[in-house]
Amino acid sequence: MRLFETRPGDDGLPGAERFLAVLALITGTLMAVVDTTMINLALPTIAADLGVSGARAVWTTNLFQVVCAAFLLVFAGISELVTRRRLYLFGLSVFVLAALGAALSRQLETLLIFRALQGLGAAATLSIGPSLYRAIFPSRLLGSALGLSALVVAGGYAAGPTLSGMILSFADWPWLFALNVPLGLVSLLLARRALPRDVPRKGSFDIPGALLSMMMLASFFLAMDAIAHTAPVWQSGGWLGIAVVACTAFIRRQRRAAYPLLPLSVFAEKRFSLAVSASGLAFIGQGLSFVALSFFYQEQMGFTPLETAWLFTPWPLAIMLVGPLAGRLADRINPSLISSTGLVLLISGLISLGLVDASTGVLGSLWRTALCGIGFGMFQPPNNREMMASLPPERSANVSGVMSTTRTVGQSLGVALVGAALGLGLAVQWTLWLGALTTLMALLASLARVPLAGQALRQRRLSSEGR
């Protein structure tokens with residue numbers, strides 16, 4: 001395969017060593033993604049079995065997401081001191097042990113403790129995943145590698161609900177967690193053997209910055225969750241106020257810290273900052289659409305939760321098919337043009353979904369979600385390539401942390417917007433139009449960096465030709 005061929009002058013790992021290293025990343029990523037989607041479907045079963053309300057059982061998912069979001073930037077910074085390989089092994093170990101603990105839990109409180117630990121482990125692996133892809137593959141294959149990453153994530157989202165439904169049809173919910181144990185052990189063995197070793201950075205760690213980052217991201221996520229569930233204004237406003245104060249203090253700290261957790265200088269690179277903006281806005285549209293369509297399919301079209309999951313399947317399946325191709329093309333032509341084309345298709349898909357009504361039918365819904373998936377699949381890998389390639393390799397851990405945080409913040413904001421719209425009594429289709437609007441803003445950001453990306457591509461070609 002092209003991804004595992006070695007050419008003279010290649011950076012990264014030799015071709016023969018890349019396969020095991022990327023297999024370790026694939027299994028680790030699949031566990032984190034599939035785990036989240038599987039547990040969402042099992043929440044009613046968990047609530048009934050543990051004798052708790054559905055509102056309390058939801059924290060099985062919420063706590064995982066809050067902890068994971070809070071530690072993304074922190075672990076990206078820590079990886080520079082302990083090396084990415086060691087951090088990844090730590091994250092996998094914690095995730096697997098916590099999965100075993102969750103499988104053995106018979107009380108909600110115990111389950112929540114292990115879910116928080118799973119979130120911690122997932123944050124350690126997800127925060128540096130894209131950075132490891134850059135360390136494993138040569139620069140000429142970066143787009144293809146990130147396309148493979150998009151395929152894995154989309155595959156996890158597609159398989160999670162179906163796998164959960166199959167397991168719950170013949171086994172109890174603890175087996176959803178127990179499934180991670182053998183997979184995690186395999187991933188640990190592969191990662192220990194194959195992940196590249198790097199040299200740790202010397203210097204101190206920005207502890208105040210890390211604490212402020214955790215406070216900022218955790219309180220933001222809690223604010224978005226409160227808005228999504230139409231909590232009292234004082235509750236959502238209080239969490240949002242804490243997030244704003246923490247964000248302000250975090251920025252001030254990063255400007256004067258000797259070794260900042262997130263060097264703000266990275267945002268001076270326009271290609272990077274525009275790619276981050278496009279990513280965040282596009283993920284708002286995606287997160288918003290998933291929740292809005294879930295309400296529409298079940299409450300207005302009368303589909304069951306499992307049938308709704310099947311209706312969503314064309315979206316991640318299209319990403320699986322299109323993402324690797326888009327990533328490969330991004331290694332050869334202007335990635336911003338590919339991303340922008342994908343956003344045009346995504347906007348078209350969201351508008352078409354906004355026009356759906358009860359008479360549309362299954363086939364009418366399927367092609368619309370497939371169009372959205374094709375658009376997002378064309379957008380994400382080239383855009384991620386722009387984020388990763390726009391900064392020097394020594395900043396790849398910071399880029400990876402920003403990439404993961406942007407995705408999490410965008411998706412949670414999209415979910416909150418749906419909750420707020422429903423709380424105000426608006427029709428759920430209106431939120432899809434809002435998603436089309438945020439995606440249009442992403443398109444504008446993507447188009448703004450087309451000349452910059454084209455110039456970088458020409459310089460890369462001249463460099464490869466030895467000029």
# chains A, B, ... in the order shown; residues from 1 in each chain; ligands from 1
>>> closest_atom_pairs(of="stretch 363-430 of chain A", to="stretch 83-96 of chain A", cutoff="12 Å", atoms="only C-alpha atoms", output="CSV")
residue,atom,partner,partner_atom,distance
A:Glu394,CA,A:Thr83,CA,11.9
A:Ser396,CA,A:Arg84,CA,10.5
A:Ala397,CA,A:Arg84,CA,8.1
A:Asn398,CA,A:Arg84,CA,11.6
A:Ser400,CA,A:Arg84,CA,11.1
A:Gly401,CA,A:Arg84,CA,11.9
>>> closest_atom_pairs(of="stretch 60-134 of chain A", to="stretch 404-417 of chain A", cutoff="10 Å", atoms="only C-alpha atoms", output="Markdown table")
| residue | atom | partner | partner_atom | distance |
| --- | --- | --- | --- | --- |
| A:Gln65 | CA | A:Thr408 | CA | 8.7 |
| A:Val66 | CA | A:Thr408 | CA | 9.8 |
| A:Cys68 | CA | A:Thr408 | CA | 9.1 |
| A:Ala69 | CA | A:Thr408 | CA | 6.6 |
| A:Ala70 | CA | A:Thr405 | CA | 8.8 |
| A:Phe71 | CA | A:Thr405 | CA | 9.3 |
| A:Leu72 | CA | A:Thr405 | CA | 6.3 |
| A:Leu73 | CA | A:Thr405 | CA | 7.1 |
| A:Ala76 | CA | A:Ser404 | CA | 9.7 |
| A:Ala123 | CA | A:Ser404 | CA | 9.0 |
| A:Leu126 | CA | A:Ser404 | CA | 6.9 |
| A:Ser127 | CA | A:Ser404 | CA | 5.9 |
| A:Ile128 | CA | A:Ser404 | CA | 8.5 |
| A:Gly129 | CA | A:Ser404 | CA | 8.9 |
| A:Pro130 | CA | A:Ser404 | CA | 8.8 |
>>> write_last_selection(atoms="C-alpha atoms", output="short mmCIF file (atom, residue, chain, number, x, y, z; two decimals), in the first residue's frame")
data_model
loop_
_atom_site.label_atom_id
_atom_site.label_comp_id
_atom_site.auth_asym_id
_atom_site.auth_seq_id
_atom_site.Cartn_x
_atom_site.Cartn_y
_atom_site.Cartn_z
CA GLN A 65 -17.21 14.01 28.15
CA VAL A 66 -16.55 16.71 30.77
CA CYS A 68 -12.17 14.31 28.47
CA ALA A 69 -12.77 17.90 27.31
CA ALA A 70 -11.11 19.41 30.39
CA PHE A 71 -7.84 17.52 29.96
CA LEU A 72 -7.27 17.74 26.19
CA LEU A 73 -5.02 20.82 26.21
CA ALA A 76 -1.10 17.91 24.86
CA ALA A 123 -8.19 12.59 26.75
CA LEU A 126 -7.13 11.69 21.71
CA SER A 127 -5.16 14.85 22.56
CA ILE A 128 -2.04 13.59 20.75
CA GLY A 129 -3.52 11.23 18.14
CA PRO A 130 -3.09 13.55 15.11
#
>>> select_by_dssp(residues="stretch 175-296 of chain A", states="helix (DSSP H, G or I)", output="PyMOL selection string")
chain A and resi 175-178+180-194+207-228+233-256+264-268+270-296
>>> atom_distance(atom1="atom CA of A:Thr308", atom2="atom CA of A:Thr37")
13.3 Å
>>> closest_atom_pairs(of="stretch 372-440 of chain A", to="stretch 335-350 of chain A", cutoff="9 Å", atoms="only C-alpha atoms", output="JSON lines")
{"residue": "A:Cys372", "atom": "CA", "partner": "A:Leu346", "partner_atom": "CA", "distance": 4.6}
{"residue": "A:Gly373", "atom": "CA", "partner": "A:Leu346", "partner_atom": "CA", "distance": 7.3}
{"residue": "A:Ile374", "atom": "CA", "partner": "A:Gly342", "partner_atom": "CA", "distance": 7.1}
{"residue": "A:Gly375", "atom": "CA", "partner": "A:Gly342", "partner_atom": "CA", "distance": 4.0}
{"residue": "A:Phe376", "atom": "CA", "partner": "A:Gly342", "partner_atom": "CA", "distance": 5.9}
{"residue": "A:Gly377", "atom": "CA", "partner": "A:Gly342", "partner_atom": "CA", "distance": 7.1}
{"residue": "A:Met378", "atom": "CA", "partner": "A:Gly342", "partner_atom": "CA", "distance": 4.6}
{"residue": "A:Phe379", "atom": "CA", "partner": "A:Ser339", "partner_atom": "CA", "distance": 3.9}
{"residue": "A:Gln380", "atom": "CA", "partner": "A:Ser339", "partner_atom": "CA", "distance": 6.9}
{"residue": "A:Pro381", "atom": "CA", "partner": "A:Ser339", "partner_atom": "CA", "distance": 8.1}
{"residue": "A:Pro382", "atom": "CA", "partner": "A:Pro335", "partner_atom": "CA", "distance": 4.9}
{"residue": "A:Asn383", "atom": "CA", "partner": "A:Ser339", "partner_atom": "CA", "distance": 6.0}
{"residue": "A:Arg385", "atom": "CA", "partner": "A:Pro335", "partner_atom": "CA", "distance": 7.6}
{"residue": "A:Glu386", "atom": "CA", "partner": "A:Pro335", "partner_atom": "CA", "distance": 7.0}
{"residue": "A:Leu432", "atom": "CA", "partner": "A:Leu350", "partner_atom": "CA", "distance": 6.1}
{"residue": "A:Trp433", "atom": "CA", "partner": "A:Leu350", "partner_atom": "CA", "distance": 7.0}
{"residue": "A:Gly435", "atom": "CA", "partner": "A:Leu350", "partner_atom": "CA", "distance": 7.0}
{"residue": "A:Ala436", "atom": "CA", "partner": "A:Ile347", "partner_atom": "CA", "distance": 5.1}
{"residue": "A:Leu437", "atom": "CA", "partner": "A:Ile347", "partner_atom": "CA", "distance": 8.0}
{"residue": "A:Thr439", "atom": "CA", "partner": "A:Ile347", "partner_atom": "CA", "distance": 6.2}
{"residue": "A:Leu440", "atom": "CA", "partner": "A:Ile347", "partner_atom": "CA", "distance": 6.8}
>>> write_last_selection(atoms="all heavy atoms", output="short mmCIF file (atom, residue, chain, number, x, y, z; two decimals), in the first residue's frame")
data_model
loop_
_atom_site.label_atom_id
_atom_site.label_comp_id
_atom_site.auth_asym_id
_atom_site.auth_seq_id
_atom_site.Cartn_x
_atom_site.Cartn_y
_atom_site.Cartn_z
N CYS A 372 -24.60 15.15 3.30
CA CYS A 372 -23.88 15.80 4.40
C CYS A 372 -22.58 15.06 4.72
O CYS A 372 -21.53 15.67 4.94
CB CYS A 372 -24.76 15.85 5.65
SG CYS A 372 -26.14 16.99 5.56
N GLY A 373 -22.65 13.73 4.74
CA GLY A 373 -21.45 12.94 5.02
C GLY A 373 -20.38 13.10 3.96
O GLY A 373 -19.19 13.20 4.27
N ILE A 374 -20.80 13.15 2.69
CA ILE A 374 -19.83 13.36 1.61
C ILE A 374 -19.16 14.72 1.78
O ILE A 374 -17.93 14.85 1.64
CB ILE A 374 -20.54 13.27 0.25
CG1 ILE A 374 -21.00 11.83 -0.01
CG2 ILE A 374 -19.63 13.73 -0.88
CD1 ILE A 374 -21.91 11.69 -1.22
N GLY A 375 -19.96 15.73 2.08
CA GLY A 375 -19.39 17.06 2.27
C GLY A 375 -18.43 17.13 3.43
O GLY A 375 -17.32 17.67 3.31
N PHE A 376 -18.82 16.54 4.56
CA PHE A 376 -17.95 16.59 5.74
C PHE A 376 -16.70 15.75 5.51
O PHE A 376 -15.61 16.10 5.96
CB PHE A 376 -18.70 16.09 6.98
CG PHE A 376 -18.10 16.61 8.27
CD1 PHE A 376 -18.47 17.83 8.78
CD2 PHE A 376 -17.16 15.86 8.96
CE1 PHE A 376 -17.92 18.32 9.95
CE2 PHE A 376 -16.60 16.33 10.13
CZ PHE A 376 -16.98 17.57 10.62
N GLY A 377 -16.84 14.62 4.80
CA GLY A 377 -15.69 13.79 4.49
C GLY A 377 -14.69 14.49 3.59
O GLY A 377 -13.48 14.28 3.71
N MET A 378 -15.18 15.34 2.66
CA MET A 378 -14.29 16.11 1.81
C MET A 378 -13.64 17.26 2.58
O MET A 378 -12.53 17.69 2.25
CB MET A 378 -15.05 16.68 0.61
CG MET A 378 -15.43 15.66 -0.43
SD MET A 378 -16.15 16.44 -1.90
CE MET A 378 -14.73 17.36 -2.51
N PHE A 379 -14.32 17.75 3.60
CA PHE A 379 -13.80 18.90 4.35
C PHE A 379 -12.75 18.53 5.38
O PHE A 379 -11.68 19.13 5.45
CB PHE A 379 -14.97 19.62 5.06
CG PHE A 379 -14.53 20.51 6.18
CD1 PHE A 379 -13.93 21.74 5.92
CD2 PHE A 379 -14.70 20.12 7.51
CE1 PHE A 379 -13.50 22.55 6.96
CE2 PHE A 379 -14.28 20.92 8.55
CZ PHE A 379 -13.68 22.15 8.28
N GLN A 380 -13.02 17.51 6.20
CA GLN A 380 -12.23 17.33 7.42
C GLN A 380 -10.77 16.93 7.19
O GLN A 380 -9.87 17.60 7.74
CB GLN A 380 -12.93 16.31 8.34
CG GLN A 380 -12.28 16.23 9.71
CD GLN A 380 -12.94 15.20 10.59
OE1 GLN A 380 -13.73 14.38 10.14
NE2 GLN A 380 -12.61 15.23 11.87
N PRO A 381 -10.45 15.86 6.44
CA PRO A 381 -9.03 15.50 6.31
C PRO A 381 -8.15 16.59 5.69
O PRO A 381 -7.06 16.88 6.21
CB PRO A 381 -9.07 14.23 5.45
CG PRO A 381 -10.42 13.66 5.69
CD PRO A 381 -11.31 14.84 5.82
N PRO A 382 -8.57 17.25 4.58
CA PRO A 382 -7.75 18.34 4.06
C PRO A 382 -7.60 19.50 5.05
O PRO A 382 -6.53 20.12 5.14
CB PRO A 382 -8.49 18.78 2.80
CG PRO A 382 -9.29 17.60 2.39
CD PRO A 382 -9.70 16.96 3.68
N ASN A 383 -8.67 19.80 5.78
CA ASN A 383 -8.59 20.89 6.76
C ASN A 383 -7.65 20.52 7.90
O ASN A 383 -6.86 21.35 8.37
CB ASN A 383 -9.99 21.21 7.31
CG ASN A 383 -10.01 22.48 8.12
OD1 ASN A 383 -9.88 23.58 7.58
ND2 ASN A 383 -10.18 22.36 9.42
N ARG A 385 -5.17 18.53 7.63
CA ARG A 385 -3.82 18.60 7.07
C ARG A 385 -3.30 20.03 7.10
O ARG A 385 -2.12 20.27 7.40
CB ARG A 385 -3.83 18.09 5.61
CG ARG A 385 -2.43 17.87 5.07
CD ARG A 385 -2.35 17.72 3.58
NE ARG A 385 -1.08 17.16 3.19
CZ ARG A 385 0.09 17.82 3.24
NH1 ARG A 385 0.11 19.07 3.67
NH2 ARG A 385 1.22 17.23 2.88
N GLU A 386 -4.16 20.99 6.77
CA GLU A 386 -3.76 22.39 6.83
C GLU A 386 -3.37 22.80 8.25
O GLU A 386 -2.39 23.51 8.45
CB GLU A 386 -4.90 23.28 6.34
CG GLU A 386 -4.91 23.51 4.84
CD GLU A 386 -3.71 24.33 4.41
OE1 GLU A 386 -3.76 25.56 4.45
OE2 GLU A 386 -2.69 23.71 4.03
N LEU A 432 -31.52 23.27 11.94
CA LEU A 432 -30.76 22.82 10.77
C LEU A 432 -30.39 24.00 9.88
O LEU A 432 -29.29 24.03 9.30
CB LEU A 432 -31.58 21.79 9.99
CG LEU A 432 -31.81 20.46 10.71
CD1 LEU A 432 -32.85 19.62 9.98
CD2 LEU A 432 -30.50 19.69 10.85
N TRP A 433 -31.25 24.97 9.77
CA TRP A 433 -30.92 26.19 9.03
C TRP A 433 -29.80 26.95 9.75
O TRP A 433 -28.92 27.54 9.10
CB TRP A 433 -32.15 27.07 8.88
CG TRP A 433 -33.16 26.50 7.94
CD1 TRP A 433 -34.26 25.76 8.25
CD2 TRP A 433 -33.15 26.60 6.52
NE1 TRP A 433 -34.94 25.38 7.13
CE2 TRP A 433 -34.29 25.89 6.02
CE3 TRP A 433 -32.30 27.22 5.59
CZ2 TRP A 433 -34.59 25.79 4.67
CZ3 TRP A 433 -32.60 27.12 4.24
CH2 TRP A 433 -33.72 26.41 3.79
N GLY A 435 -27.50 25.48 11.48
CA GLY A 435 -26.31 24.71 11.15
C GLY A 435 -25.77 25.06 9.77
O GLY A 435 -24.55 25.14 9.56
N ALA A 436 -26.67 25.29 8.82
CA ALA A 436 -26.24 25.72 7.48
C ALA A 436 -25.55 27.08 7.54
O ALA A 436 -24.58 27.34 6.82
CB ALA A 436 -27.44 25.76 6.53
N LEU A 437 -26.03 27.95 8.44
CA LEU A 437 -25.43 29.27 8.58
C LEU A 437 -24.02 29.19 9.16
O LEU A 437 -23.09 29.85 8.65
CB LEU A 437 -26.31 30.15 9.47
CG LEU A 437 -25.78 31.56 9.77
CD1 LEU A 437 -25.62 32.36 8.47
CD2 LEU A 437 -26.71 32.29 10.73
N THR A 439 -22.05 26.67 8.98
CA THR A 439 -21.22 26.03 7.96
C THR A 439 -20.86 27.02 6.86
O THR A 439 -19.76 26.96 6.29
CB THR A 439 -21.93 24.81 7.36
OG1 THR A 439 -22.38 23.96 8.43
CG2 THR A 439 -21.01 24.02 6.47
N LEU A 440 -21.77 27.94 6.55
CA LEU A 440 -21.45 29.01 5.59
C LEU A 440 -20.31 29.88 6.12
O LEU A 440 -19.41 30.27 5.36
CB LEU A 440 -22.70 29.86 5.33
CG LEU A 440 -22.50 31.09 4.42
CD1 LEU A 440 -22.03 30.67 3.03
CD2 LEU A 440 -23.79 31.90 4.34
#
>>> closest_residue(among="A:Arg56, A:Lys202, A:Arg197, A:Arg115", to="A:Leu81", atoms="only C-alpha atoms")
A:Lys202
>>> atom_distance(atom1="atom CA of A:Val266", atom2="atom CA of A:Ile207")
20.0 Å
>>> atom_distance(atom1="atom CA of A:Val233", atom2="atom CA of A:Gln298")
27.6 Å
>>> closest_residue(among="A:Phe312, A:Trp59, A:Tyr133, A:Tyr297", to="A:Val22", atoms="only C-alpha atoms")
A:Tyr133
>>> closest_residue(among="A:Leu112, A:Ala223, A:Leu41, A:Val153", to="A:Met320", atoms="only C-alpha atoms")
A:Val153
>>> closest_residue(among="A:Ala275, A:Leu50, A:Val67, A:Val199", to="A:Gly119", atoms="only C-alpha atoms")
A:Val67
>>> decode(residues="stretch 382-402 of chain A", atoms="C-alpha atoms", output="PDB file, in the first residue's frame")
ATOM      1  CA  PRO A 382      -7.746  18.343   4.062  1.00  0.00           C
ATOM      2  CA  ASN A 383      -8.592  20.887   6.760  1.00  0.00           C
ATOM      3  CA  ASN A 384      -6.795  18.827   9.406  1.00  0.00           C
ATOM      4  CA  ARG A 385      -3.824  18.599   7.066  1.00  0.00           C
ATOM      5  CA  GLU A 386      -3.762  22.385   6.831  1.00  0.00           C
ATOM      6  CA  MET A 387      -3.812  22.704  10.624  1.00  0.00           C
ATOM      7  CA  MET A 388      -1.019  20.181  11.079  1.00  0.00           C
ATOM      8  CA  ALA A 389       1.183  21.273   8.157  1.00  0.00           C
ATOM      9  CA  SER A 390       0.909  25.021   8.728  1.00  0.00           C
ATOM     10  CA  LEU A 391       3.145  24.885  11.824  1.00  0.00           C
ATOM     11  CA  PRO A 392       6.594  23.331  12.444  1.00  0.00           C
ATOM     12  CA  PRO A 393       6.725  19.655  13.550  1.00  0.00           C
ATOM     13  CA  GLU A 394       7.821  20.638  17.057  1.00  0.00           C
ATOM     14  CA  ARG A 395       4.402  22.296  17.497  1.00  0.00           C
ATOM     15  CA  SER A 396       2.474  19.187  16.448  1.00  0.00           C
ATOM     16  CA  ALA A 397       1.449  18.331  20.026  1.00  0.00           C
ATOM     17  CA  ASN A 398      -0.041  21.822  20.454  1.00  0.00           C
ATOM     18  CA  VAL A 399      -1.814  21.522  17.095  1.00  0.00           C
ATOM     19  CA  SER A 400      -3.196  18.133  18.068  1.00  0.00           C
ATOM     20  CA  GLY A 401      -4.547  19.493  21.359  1.00  0.00           C
ATOM     21  CA  VAL A 402      -6.181  22.459  19.637  1.00  0.00           C
TER      22      VAL A 402
END
